[in-house]
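Peer 1: Just one file: my_file_39.cif, with mmCIF, C-alpha atoms.
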```
data_work
#
loop_
_atom_site.label_atom_id
_atom_site.label_comp_id
_atom_site.auth_asym_id
_atom_site.auth_seq_id
_atom_site.Cartn_x
_atom_site.Cartn_y
_atom_site.Cartn_z
CA MET Q 1467 -3.67 25.98 9.42
CA MET Q 1468 -1.98 26.06 12.81
CA GLN Q 1469 1.10 28.21 13.26
CA PHE Q 1470 4.21 26.65 14.80
CA ALA Q 1471 7.34 28.41 16.06
CA GLN Q 1472 10.23 27.55 13.78
CA THR Q 1473 13.98 27.14 13.99
CA GLU Q 1474 16.45 27.74 11.17
CA ASP Q 1475 19.19 25.16 10.84
CA THR Q 1476 21.86 24.64 8.21
CA PHE Q 1477 23.27 21.62 6.43
CA PHE Q 1478 26.40 21.00 4.34
CA ASN Q 1479 28.30 23.84 6.03
CA GLY Q 1480 25.50 26.33 5.49
CA ARG Q 1481 24.82 25.51 1.85
CA ILE Q 1482 21.35 24.21 2.67
CA LYS Q 1483 18.90 25.96 5.02
CA VAL Q 1484 16.35 23.85 6.87
CA PHE Q 1485 13.42 25.38 8.73
CA GLN Q 1486 11.82 23.07 11.28
CA HIS Q 1487 9.02 23.33 13.81
CA ARG Q 1488 10.54 24.00 17.20
CA ASP Q 1489 8.14 21.77 19.14
CA GLY Q 1490 6.81 19.51 16.37
CA TYR Q 1491 8.38 16.77 14.30
CA ARG Q 1492 12.09 17.29 13.64
CA PHE Q 1493 14.26 15.16 11.39
CA SER Q 1494 16.95 12.93 12.86
CA ILE Q 1495 20.18 11.37 11.61
CA ASP Q 1496 18.05 8.52 10.25
CA ALA Q 1497 17.13 10.71 7.26
CA VAL Q 1498 20.81 11.40 6.60
CA LEU Q 1499 21.71 7.70 6.77
CA LEU Q 1500 18.87 6.75 4.44
CA SER Q 1501 19.76 9.45 1.92
CA ALA Q 1502 23.34 8.19 1.72
CA PHE Q 1503 22.29 4.55 1.52
CA SER Q 1504 19.79 5.14 -1.29
CA ALA Q 1505 22.56 5.97 -3.80
CA PRO Q 1506 20.35 7.18 -6.66
CA LYS Q 1507 21.57 7.37 -10.23
CA ALA Q 1508 22.26 10.73 -11.84
CA LYS Q 1509 18.93 11.45 -13.56
CA ASP Q 1510 16.60 9.39 -11.39
CA ARG Q 1511 13.03 10.47 -10.72
CA ILE Q 1512 12.61 9.96 -6.98
CA VAL Q 1513 9.64 10.07 -4.60
CA ASP Q 1514 10.04 10.48 -0.83
CA LEU Q 1515 7.04 9.13 1.08
CA GLY Q 1516 6.35 11.02 4.31
CA THR Q 1517 8.80 13.81 3.57
CA GLY Q 1518 8.25 15.83 6.78
CA CYS Q 1519 10.16 19.09 6.44
CA GLY Q 1520 11.58 17.92 3.10
CA ILE Q 1521 15.03 17.00 4.40
CA ILE Q 1522 15.54 13.92 2.20
CA PRO Q 1523 14.64 15.71 -1.06
CA LEU Q 1524 16.90 18.59 0.03
CA ILE Q 1525 19.86 16.25 0.63
CA LEU Q 1526 19.33 14.27 -2.56
CA GLY Q 1527 18.65 17.41 -4.57
CA TYR Q 1528 21.94 18.88 -3.37
CA ARG Q 1529 23.93 15.69 -3.91
CA HIS Q 1530 22.39 14.80 -7.26
CA PRO Q 1531 21.80 17.99 -9.26
CA GLU Q 1532 20.15 16.19 -12.19
CA ALA Q 1533 17.62 14.23 -10.13
CA ILE Q 1534 13.92 15.15 -10.17
CA LEU Q 1535 12.21 14.67 -6.80
CA SER Q 1536 8.76 14.70 -5.22
CA GLY Q 1537 8.10 14.80 -1.49
CA ILE Q 1538 4.75 13.44 -0.27
CA GLU Q 1539 3.38 14.69 3.05
CA VAL Q 1540 -0.14 14.34 4.43
CA GLN Q 1541 0.15 16.77 7.36
CA PRO Q 1542 -0.64 20.29 6.07
CA GLU Q 1543 1.74 22.17 8.39
CA LEU Q 1544 4.66 19.92 7.46
CA ALA Q 1545 3.81 20.04 3.74
CA ALA Q 1546 3.83 23.86 3.89
CA LEU Q 1547 7.13 23.82 5.77
CA ALA Q 1548 8.70 21.45 3.24
CA ALA Q 1549 7.55 23.67 0.38
CA ARG Q 1550 9.14 26.67 2.10
CA ASN Q 1551 12.42 24.78 2.53
CA ILE Q 1552 12.49 23.86 -1.14
CA GLU Q 1553 11.81 27.47 -2.13
CA VAL Q 1554 14.41 29.13 0.12
CA ASN Q 1555 17.05 26.76 -1.21
CA GLY Q 1556 16.21 27.55 -4.83
CA LEU Q 1557 15.20 24.00 -5.74
CA THR Q 1558 11.61 24.48 -6.90
CA ASP Q 1559 12.61 23.60 -10.47
CA ARG Q 1560 13.58 20.06 -9.41
CA ILE Q 1561 11.68 19.30 -6.19
CA THR Q 1562 7.89 19.30 -5.81
CA ILE Q 1563 6.05 18.92 -2.49
CA ILE Q 1564 2.65 17.25 -2.74
CA ARG Q 1565 0.22 17.38 0.17
CA GLN Q 1566 -1.45 13.99 -0.18
CA ASP Q 1567 -2.37 10.84 1.68
CA MET Q 1568 0.09 8.39 0.14
CA ARG Q 1569 -2.58 5.68 0.13
CA LEU Q 1570 -4.49 7.73 -2.45
CA LEU Q 1571 -1.45 8.75 -4.48
CA SER Q 1572 -1.46 7.69 -8.12
CA SER Q 1573 1.58 7.11 -10.28
CA ALA Q 1574 0.36 9.85 -12.61
CA ALA Q 1575 0.51 12.41 -9.76
CA VAL Q 1576 4.30 12.06 -9.70
CA SER Q 1577 4.70 11.62 -13.47
CA GLY Q 1578 5.42 7.96 -12.84
CA PRO Q 1579 6.38 5.23 -13.05
CA VAL Q 1580 9.42 6.54 -11.17
CA ASP Q 1581 12.93 5.16 -10.76
CA MET Q 1582 13.19 5.25 -6.97
CA VAL Q 1583 10.97 5.54 -3.92
CA ILE Q 1584 12.47 6.27 -0.52
CA SER Q 1585 10.84 6.37 2.92
CA ASN Q 1586 11.67 6.97 6.57
CA PRO Q 1587 8.26 5.76 7.81
CA PRO Q 1588 6.68 5.52 11.27
CA TYR Q 1589 8.58 2.87 13.21
CA ARG Q 1590 6.02 1.78 15.78
CA LYS Q 1591 2.66 0.10 15.48
CA ASP Q 1592 -0.33 2.19 16.49
CA ARG Q 1593 -0.89 2.18 20.26
CA SER Q 1594 2.41 0.40 20.89
CA GLY Q 1595 4.75 1.97 23.45
CA ARG Q 1596 4.43 5.52 24.65
CA VAL Q 1597 2.65 7.79 22.16
CA ASN Q 1598 3.91 11.38 22.03
CA LEU Q 1599 1.23 13.90 22.99
CA HIS Q 1600 2.29 16.19 20.13
CA SER Q 1601 0.27 14.97 17.13
CA GLN Q 1602 3.01 15.77 14.57
CA ARG Q 1603 5.54 13.65 16.39
CA ALA Q 1604 3.04 10.88 17.13
CA ILE Q 1605 2.02 10.57 13.47
CA ALA Q 1606 5.68 10.51 12.39
CA ARG Q 1607 6.59 7.79 14.89
CA HIS Q 1608 3.51 5.56 15.07
CA GLU Q 1609 1.41 3.88 12.39
CA ILE Q 1610 -1.54 6.18 13.03
CA LEU Q 1611 -2.22 7.36 9.47
CA VAL Q 1612 -0.24 4.78 7.47
CA THR Q 1613 1.07 1.28 8.12
CA LEU Q 1614 4.22 -0.37 6.81
CA GLN Q 1615 2.02 -2.22 4.31
CA ASP Q 1616 0.60 1.10 3.09
CA VAL Q 1617 4.12 2.42 2.52
CA THR Q 1618 5.35 -0.62 0.58
CA ASP Q 1619 2.14 -0.89 -1.44
CA THR Q 1620 2.44 2.78 -2.40
CA ALA Q 1621 6.07 2.33 -3.37
CA ALA Q 1622 5.19 -0.64 -5.56
CA ARG Q 1623 2.38 1.34 -7.23
CA LEU Q 1624 4.71 4.25 -8.09
CA LEU Q 1625 7.73 2.27 -9.27
CA GLY Q 1626 8.34 0.95 -12.72
CA ILE Q 1627 9.51 -2.63 -13.19
CA GLY Q 1628 13.09 -2.74 -11.94
CA GLY Q 1629 12.58 0.44 -9.90
CA ARG Q 1630 14.29 0.68 -6.52
CA PHE Q 1631 12.91 1.22 -3.02
CA ALA Q 1632 15.01 2.23 0.00
CA ILE Q 1633 13.82 2.33 3.61
CA ILE Q 1634 15.16 2.63 7.17
CA TYR Q 1635 13.42 0.66 9.91
CA PRO Q 1636 13.94 -0.73 13.42
CA ALA Q 1637 16.13 -3.83 13.39
CA GLU Q 1638 13.70 -5.59 15.73
CA ARG Q 1639 11.03 -5.38 13.03
CA ILE Q 1640 13.17 -6.68 10.17
CA THR Q 1641 10.99 -9.77 9.70
CA ASP Q 1642 7.92 -7.56 9.31
CA LEU Q 1643 9.80 -5.39 6.83
CA LEU Q 1644 11.15 -8.16 4.61
CA THR Q 1645 7.88 -10.07 4.43
CA THR Q 1646 5.91 -6.90 3.73
CA LEU Q 1647 8.29 -5.87 0.96
CA ARG Q 1648 7.98 -9.25 -0.73
CA SER Q 1649 4.19 -9.26 -0.40
CA ALA Q 1650 4.13 -5.88 -2.19
CA GLY Q 1651 6.20 -7.27 -5.06
CA ILE Q 1652 9.45 -5.58 -4.02
CA GLU Q 1653 12.27 -8.09 -3.62
CA PRO Q 1654 14.78 -7.20 -0.85
CA LYS Q 1655 18.26 -6.99 -2.39
CA CYS Q 1656 20.58 -5.12 0.01
CA ILE Q 1657 20.57 -5.05 3.83
CA GLN Q 1658 22.79 -2.95 6.13
CA THR Q 1659 22.56 -2.94 9.91
CA ILE Q 1660 23.17 0.27 11.87
CA HIS Q 1661 24.91 0.27 15.25
CA ALA Q 1662 25.30 3.23 17.59
CA ASN Q 1663 28.70 1.89 18.76
CA ILE Q 1664 30.85 -0.93 17.42
CA HIS Q 1665 29.90 -3.47 20.10
CA ASP Q 1666 26.21 -2.52 20.31
CA PRO Q 1667 23.47 -4.64 18.75
CA ALA Q 1668 21.84 -3.24 15.64
CA ARG Q 1669 19.30 -0.53 16.39
CA LEU Q 1670 18.16 0.12 12.83
CA VAL Q 1671 18.41 -1.53 9.45
CA LEU Q 1672 18.63 -0.07 5.95
CA VAL Q 1673 17.05 -2.15 3.21
CA SER Q 1674 16.76 -1.62 -0.53
CA GLY Q 1675 14.69 -3.67 -2.90
CA ILE Q 1676 13.75 -3.94 -6.55
CA LYS Q 1677 10.24 -4.13 -7.92
CA ALA Q 1678 9.77 -7.54 -9.54
CA GLY Q 1679 13.41 -8.35 -8.78
CA ARG Q 1680 14.78 -11.86 -8.61
CA PRO Q 1681 15.25 -13.46 -5.16
CA GLY Q 1682 18.64 -12.99 -3.52
CA ALA Q 1683 19.79 -10.42 -0.98
CA ALA Q 1684 23.25 -9.27 0.14
CA MET Q 1685 24.29 -8.19 3.63
CA ILE Q 1686 26.76 -5.32 3.34
CA GLU Q 1687 29.24 -4.01 5.92
CA PRO Q 1688 27.47 -2.75 9.07
CA LEU Q 1689 27.42 0.99 9.66
CA VAL Q 1690 28.68 2.25 13.03
CA ILE Q 1691 27.60 5.78 13.94
CA PHE Q 1692 29.88 6.77 16.85
CA GLN Q 1693 33.56 6.41 17.66
CA PRO Q 1694 34.58 5.52 21.25
CA ASN Q 1695 35.12 9.25 21.99
CA GLY Q 1696 31.51 10.02 21.04
CA SER Q 1697 32.20 11.72 17.72
CA TYR Q 1698 30.82 10.46 14.43
CA THR Q 1699 32.78 7.81 12.56
CA ASP Q 1700 34.47 8.87 9.33
CA ARG Q 1701 31.77 7.22 7.25
CA VAL Q 1702 29.02 9.20 8.97
CA GLN Q 1703 30.99 12.46 8.97
CA ALA Q 1704 31.30 12.13 5.20
CA MET Q 1705 27.51 12.16 4.92
CA PHE Q 1706 27.44 15.68 6.40
CA ALA Q 1707 30.31 17.00 4.28
CA PRO Q 1708 29.38 19.37 1.43
#
```
Taking this structure as input, can you express it in the form of structure tokens?

Peer 2:
Amino acid sequence: MMQFAQTEDTFFNGRIKVFQHRDGYRFSIDAVLLSAFSAPKAKDRIVDLGTGCGIIPLILGYRHPEAILSGIEVQPELAALAARNIEVNGLTDRITIIRQDMRLLSSAAVSGPVDMVISNPPYRKDRSGRVNLHSQRAIARHEILVTLQDVTDTAARLLGIGGRFAIIYPAERITDLLTTLRSAGIEPKCIQTIHANIHDPARLVLVSGIKAGRPGAAMIEPLVIFQPNGSYTDRVQAMFAP
């Protein structure tokens, strides 16, 4: 396994430690937004597809102390890093990191069917746009190892009937997302657009769906990230508060 220089960062005013690869894939605010949007129930069993350094399980594990979580990561260096993050934060009793290609993941591997699946997947189609030369970043950003269809099919396979799926995705690909969700048997139910500033067009979209749910989706209040002075809006600041 390759060795990568690491940084140590903190979250929730130092209550969570997060080690990341200095030059590899690093989580962004997208993971924070998705974690807040997902709104799991108290004792949910949750699977995070493409967990990276484990940031989403760490956030949800901190916020929801009765939840049981699994993080799925195919890249060995990132899976090892996620496992270290879970261990140093004392959450090994509730969070499990599984090094696995999600396309081969069975429901039994996560003690499924589960209540919720969550994913911050690659945003760009393979060979579209400029591909990062660092393989970790490229795999995280482009559909090199998994496609959107792979992600939604895996989510549908892991969820029980009525189980919930939450995802963040580029707004420009919302048609791809909604049609792919429905084709996987996950009915889109809640949609929230994300805007960097109040007058900017949507850059990202948050969508949740229900496996075998009835048709009918709701658009909720858009989320604006920055105030005019460049600081986070109150709603986003609250996501970082312990």

Peer 1: Taking all atoms listed in the file into account, which of Q:Val1583, Q:Ile1686, Q:Ile1525, Q:Ala1621 comes nearest Gln1658 of chain Q?

Peer 2: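 Looking at the shortest contact to Gln1658 of chain Q, the residue is Q:Ile1686.
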
Peer 1: Using all atoms listed in the file, what table do you get, as a Markdown table, when you list each residue of segment 1577-1685 of chain Q with an atom no more than 8 Å from segment 1690-1702 of chain Q, its nearest pair of atoms, and their distance in Å rounded to one decimal, rows by chain then rising number?

Peer 2:
```
| residue | atom | partner | partner_atom | distance |
| --- | --- | --- | --- | --- |
| Q:Ile1660 | CA | Q:Val1690 | CA | 6.0 |
| Q:His1661 | CA | Q:Val1690 | CA | 4.8 |
| Q:Ala1662 | CA | Q:Ile1691 | CA | 5.0 |
| Q:Asn1663 | CA | Q:Phe1692 | CA | 5.4 |
| Q:Ile1664 | CA | Q:Val1690 | CA | 5.8 |
```

Peer 1: Excluding Ala1548 of chain Q and any residue of its chain fewer than 2 positions from it, enumerate the residues within 6 Å of it, using all atoms listed in the file, and give them as a VMD selection string.

Peer 2: chain Q and resid 1519 to 1520 1545 to 1546 1550 to 1551

Peer 1: Report as a VMD selection string all protein, DNA and RNA residues lying within 9 Å of Gln1472 of chain Q, evaluated on only C-alpha atoms, omitting residues in the same chain fewer than 2 positions from it.

Peer 2: chain Q and resid 1470 1474 1485 to 1489

Peer 1: Using all atoms listed in the file, which of the listed residues (Q:Ile1563, Q:Leu1544, Q:Ile1633, Q:Cys1656) sits closest to Ala1575 of chain Q?

Peer 2: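 Between Q:Ile1563, Q:Leu1544, Q:Ile1633, Q:Cys1656, the residue approaching Ala1575 of chain Q most closely is Q:Ile1563.
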
Peer 1: So, counting all atoms listed in the file, which residue among Q:Ile1482, Q:Leu1571, Q:Asp1616, Q:Phe1477 is closest to Glu1553 of chain Q?

Peer 2: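 Checking each candidate against Glu1553 of chain Q, we get Q:Ile1482 as the closest.
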
Peer 1: Counting all atoms listed in the file, figure out which residue out of Q:Arg1560, Q:Lys1507, Q:Arg1590, Q:Arg1481 gets nearest to Asp1642 of chain Q.

Peer 2: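 Closest to Asp1642 of chain Q of all the choices is Q:Arg1590.
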
Peer 1: To one decimal place in Å, what is the distance between atom CA of Ala1497 of chain Q and atom CA of Ser1585 of chain Q?

Peer 2: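 According to the coordinates, atom CA of Ala1497 of chain Q and atom CA of Ser1585 of chain Q are separated by 8.8 Å.
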
Peer 1: Tell me which of Q:Ile1521, Q:Val1617, Q:Ile1564, Q:Val1576 sits closest to Asp1475 of chain Q, counting only C-alpha atoms.

Peer 2: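 Under the stated criterion, the closest residue is Q:Ile1521.
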
Peer 1: Check what the PyMOL selection byres ((chain Q and resi 1584) around 10) selects in the file above and give those residues as a list of chain:residue names.

Peer 2: Q:Leu1500, Q:Ser1501, Q:Ser1504, Q:Ile1512, Q:Val1513, Q:Asp1514, Q:Leu1515, Q:Gly1516, Q:Thr1517, Q:Ile1522, Q:Pro1523, Q:Gly1537, Q:Met1582, Q:Val1583, Q:Ser1585, Q:Asn1586, Q:Pro1587, Q:Val1617, Q:Thr1618, Q:Ala1621, Q:Arg1630, Q:Phe1631, Q:Ala1632, Q:Ile1633, Q:Ile1634, Q:Ser1674

Peer 1: Which value, in Å to one decimal, gives the distance between atom CA of Ile1676 of chain Q and atom CA of Phe1706 of chain Q?

Peer 2: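 Distance reported for this atom pair: 27.2 Å.
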
Peer 1: I need the output of the PyMOL selection byres ((chain Q and resi 1624-1628) around 7) for this file as a ChimeraX atom specification; which residues are they?

Peer 2: /Q:1573,1578-1582,1620-1623,1629-1630,1676-1679

Peer 1: One decimal, Å: what's the distance from atom CA of Tyr1635 of chain Q over to atom CA of Ser1649 of chain Q, could you say?

Peer 2: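 For atom CA of Tyr1635 of chain Q relative to atom CA of Ser1649 of chain Q, the distance reads 17.0 Å.
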
Peer 1: Around the point (10.6, -11.2, 5.0) in the file's coordinates, collect all residues with an atom within 12 Å, using all atoms listed in the file, and return them as a list in words.

Peer 2: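 Residues close enough to count: Arg1639, Ile1640, Thr1641, Asp1642, Leu1643, Leu1644, Thr1645, Thr1646, Leu1647, Arg1648, Ser1649, Ala1650, Gly1651, Ile1652, Glu1653, Pro1654, Lys1655, Ile1657, Val1673, Gly1675, Pro1681, Gly1682 and Ala1683 of chain Q.
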
Peer 1: For each of Q:Asp1666, Q:Glu1532, Q:Asp1510, Q:Glu1543, take the minimum atom-to-atom distance to Tyr1491 of chain Q, counting all atoms listed in the file, then give the residue where this is smallest.

Peer 2: Q:Glu1543

Peer 1: When the PyMOL selection byres ((chain Q and resi 1534) around 6) is applied to the file above, which residues end up in the set, as a PyMOL selection string?

Peer 2: chain Q and resi 1511+1533+1535+1560

Peer 1: Create the file for the chosen residues now, containing C-alpha atoms and written as an mmCIF file, in the frame of the given file.

Peer 2:
```cif
data_model
loop_
_atom_site.group_PDB
_atom_site.id
_atom_site.type_symbol
_atom_site.label_atom_id
_atom_site.label_comp_id
_atom_site.auth_asym_id
_atom_site.auth_seq_id
_atom_site.Cartn_x
_atom_site.Cartn_y
_atom_site.Cartn_z
ATOM 1 C CA ARG Q 1511 13.030 10.470 -10.720
ATOM 2 C CA ALA Q 1533 17.620 14.230 -10.130
ATOM 3 C CA LEU Q 1535 12.210 14.670 -6.800
ATOM 4 C CA ARG Q 1560 13.580 20.060 -9.410
#
```
